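Notes to accompany the following structure.
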Amino acid sequence: MLPCAVALTAAGSLLLLGSVPAWAHATVLVPTAGLLTFWGLSRVFIGHVTLPSHRNLVWAGVLAALAALSSLQSPQELPPTAVWIAWNALWLFPVIAFISKDERTAIDDAVRCAAWILMVLAFYQRLVLGIEAPASALPSSTAYAATVLLLIPLALERRDRLLACGLLITLLWSASVGAWLGLFAAFTLLNPWTPGFRLYAGLTGVVVCAIVIYGRIDSVEVIARAEQWVEAWRWIGSHPLLGMGPGSWKPDSPAAYPLVVAAEFGVPFALLWFAGIWHCLTTGGSYKRFGALAVLMHSIWDPVFMAPANLWLLCYCTASSISEGSEGVEIPVRWRLPAAAAIAFLGFFIGRSALAAWGGH
């Protein structure tokens, strides 16, 4: 059940317009909540559960609590499922410890299958429909470019060179300078800083992208980005502890992702969030680490997380570095019925909230 929930979140959401519409939220959140509920009930009835590290649990729990507090105190009217989107990213980190190496391989295969569908659709849009910058199944070519940055390393890790080449071609079609900047920056940072072709190639790519961006310094696009950065700083200054609430920032506004996180959730959340992401990146495998770092660099320039699917895929790639849990705990008989009731209620509440948001939309 857990691998299916992770695969739906990391792979299935990519094919549902990046889970941007309300119906796509429900299509991902409701089955995921159901699978997690049934898994939790099965663990309770067995009476034994394997635990992830205490640091992992505390980190995810504190972030979930801060997200809830941010949503409750927000001075704005927030999207109904905004906090569920954040929680649907956070649960991947503690739960990944329950998933074995073989099950993670199966999830990678599901993501690779989704990547093939996205790539073929992008080729169809470009060659048959004549769309210059295809978005595939994502809401925009910018969001698709970010997805490609996460998928290319996974294709290379699975030694699917045909998929990697096809995705690289579609990345060229996207004409996203931010995506190429993230790609070259990650390539440079993750390679040894010793004189050689790789270092010079990465630095050359970064310099070329920087020159292209500098050439647009007086354009309306760059001026709009600068205004959004200033606005984000103003939001952070007005609500530094808990932010303005998840989903309060316009998802397509081109402000740097770290600023958006701090503006929506508050500075403490942002510091904890990026500290945890950085810890996972420093201990993770080279391929997924490369994709996650490239997307994070890309997010400084473009609103790549306008599609929740990109955030969830990033979290899966980042959380994959977490090892399987080794410690377990026995659930006393007297606590099994209350625990089962609490799990069932929580799963019902999440599913009902997602369906209500879809119906209201």
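Starting from 1 in every chain, residues are counted up; chains themselves are A, B, ... following the order of the structure tokens, and ligands are numbered from 1 as listed.
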
**Q.** Near-Cys4 (chain A) list (8 Å; only C-alpha atoms; drop same-chain fewer than 3 positions) as JSON, numbers by chain
**A.** {"A": [1, 7, 8, 35, 107]}

Got time to write the residues from that selection, C-alpha atoms, as a PDB file, in the first residue's frame?
```pdb
ATOM      1  CA  MET A   1       0.000   0.000   0.000  1.00  0.00           C
ATOM      2  CA  ALA A   7       3.952   6.200  -6.708  1.00  0.00           C
ATOM      3  CA  LEU A   8       0.606   7.999  -7.004  1.00  0.00           C
ATOM      4  CA  LEU A  35      -3.930   3.878   1.280  1.00  0.00           C
ATOM      5  CA  ILE A 107       8.416   3.457  -7.530  1.00  0.00           C
TER       6      ILE A 107
END
```

**Q.** Those in region 20-161 of chain A with strand (DSSP E or B) from DSSP, as a ChimeraX atom specification
**A.** /A:48-51

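Near Val295 (chain A), within 10 Å and counting only C-alpha atoms, sit Ala145, Ala146, Thr147, Val148, Leu149, Leu150, Gly178, Ala179, Trp180, Leu181, Gly182, Leu183, Ala186, Asp302, Val304, Phe305, Asn310, Leu311 and Leu314 of chain A, not including residues fewer than 6 positions from it in the same chain.
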
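Closest to Gly266 (chain A) among A:Thr142, A:Thr37, A:Gln73, A:Thr81 is A:Gln73, based on only C-alpha atoms.
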
(Q) Need to verify the contact set: region 94-96 of chain A, 6 Å, only C-alpha atoms, exclusion of same-chain residues closer than 2 positions in sequence. Can you return it as a ChimeraX atom specification? (A) /A:52,56-57,91-92,98-99

**Q.** Shell of 12 Å around Arg334 (chain A), only C-alpha atoms, local chain residues under 6 positions omitted, as number ranges by chain
**A.** A: 44-45, 47, 340

Who sits within 7 Å of region 205-219 of chain A, only C-alpha atoms, same chain under 5 positions skipped, as a PDB file with N, CA and C atoms, in the first residue's frame:
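Written file, result-v9.pdb:
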```pdb
ATOM      1  N   VAL A 177      15.587  29.622 -19.683  1.00  0.00           N
ATOM      2  CA  VAL A 177      16.944  29.965 -19.256  1.00  0.00           C
ATOM      3  C   VAL A 177      17.165  29.539 -17.801  1.00  0.00           C
ATOM      4  N   LEU A 181      20.103  27.188 -16.408  1.00  0.00           N
ATOM      5  CA  LEU A 181      20.970  27.700 -15.348  1.00  0.00           C
ATOM      6  C   LEU A 181      21.018  26.720 -14.177  1.00  0.00           C
ATOM      7  N   PHE A 184      23.173  23.578 -15.289  1.00  0.00           N
ATOM      8  CA  PHE A 184      24.625  23.803 -15.298  1.00  0.00           C
ATOM      9  C   PHE A 184      25.158  24.092 -13.889  1.00  0.00           C
ATOM     10  N   ALA A 185      24.362  24.800 -13.072  1.00  0.00           N
ATOM     11  CA  ALA A 185      24.808  25.091 -11.710  1.00  0.00           C
ATOM     12  C   ALA A 185      24.926  23.818 -10.895  1.00  0.00           C
TER      13      ALA A 185
END
```

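Residues of region 126-166 of chain A that DSSP places in alpha helix (DSSP H), based on the backbone of this structure, are Arg126, Leu127, Ser141, Thr142, Ala143, Tyr144, Ala145, Ala146, Thr147, Val148, Leu149, Leu150, Leu151, Ile152, Pro153, Leu154, Ala155, Leu156, Glu157, Arg161, Leu162, Leu163, Ala164, Cys165 and Gly166 of chain A.
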
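Between CA of Val62 (chain A) and CA of Pro21 (chain A) lies a distance of 28.2 Å.
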
Extract, using only C-alpha atoms, all DNA, RNA and protein residues at most 6 Å from region 253-257 of chain A, discarding same-chain residues fewer than 6 positions from it, and format them as a CSV table (one decimal) with N, CA and C atoms, in the first residue's frame.
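As a result, selection18.csv now contains:
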```csv
chain,number,residue,atom,x,y,z
A,225,ARG,N,9.9,40.4,-12.1
A,225,ARG,CA,10.5,39.5,-11.1
A,225,ARG,C,11.1,40.3,-9.9
A,228,GLN,N,8.3,41.3,-7.6
A,228,GLN,CA,7.8,40.2,-6.8
A,228,GLN,C,8.8,39.8,-5.7
A,229,TRP,N,10.1,39.9,-5.9
A,229,TRP,CA,11.0,39.7,-4.8
A,229,TRP,C,10.8,40.7,-3.7
A,299,SER,N,14.3,27.1,-9.3
A,299,SER,CA,13.2,27.7,-8.6
A,299,SER,C,13.6,29.1,-8.1
A,300,ILE,N,14.8,29.5,-8.1
A,300,ILE,CA,15.2,30.8,-7.7
A,300,ILE,C,14.8,31.8,-8.8
A,301,TRP,N,14.7,31.4,-10.0
A,301,TRP,CA,14.4,32.3,-11.1
A,301,TRP,C,12.9,32.1,-11.6
A,302,ASP,N,12.4,30.9,-11.6
A,302,ASP,CA,11.1,30.6,-12.2
A,302,ASP,C,10.2,30.0,-11.1
A,303,PRO,N,8.9,30.2,-11.3
A,303,PRO,CA,7.9,29.6,-10.3
A,303,PRO,C,7.6,28.1,-10.7
```

Q: Considering only C-alpha atoms, state which residue in the set A:Gly12, A:Gly18, A:Pro3, A:Gly347 is at the smallest distance from Ala143 (chain A).
A: A:Gly18

Q: Enter the distance from CA of Leu241 (chain A) to CA of Ser353 (chain A), in Å, rounded to one decimal.
A: 26.5 Å

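If you measure from each of A:Thr318, A:Thr188, A:Ser248, A:Ser238 to Leu78 (chain A) using only C-alpha atoms, the closest one turns out to be A:Ser248.
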
Q | Between CA of Leu272 (chain A) and CA of Trp312 (chain A), distance in Å (one decimal) | A | 17.5 Å

Q: Go through A:Ser176, A:Pro195, A:Leu151, A:Arg161 one by one, measure the shortest atom-to-atom distance of each to Ala133 (chain A) using only C-alpha atoms, and give the residue with the smallest value.
A: A:Ser176

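Using only C-alpha atoms, the smallest distance between any of A:Leu63, A:Phe187, A:Trp39, A:Cys165 and Ala275 (chain A) comes from A:Leu63.
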
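Across A:Phe265, A:Trp116, A:Trp173, A:Phe349, the tightest approach to Pro134 (chain A) is made by A:Trp173 when counting only C-alpha atoms.
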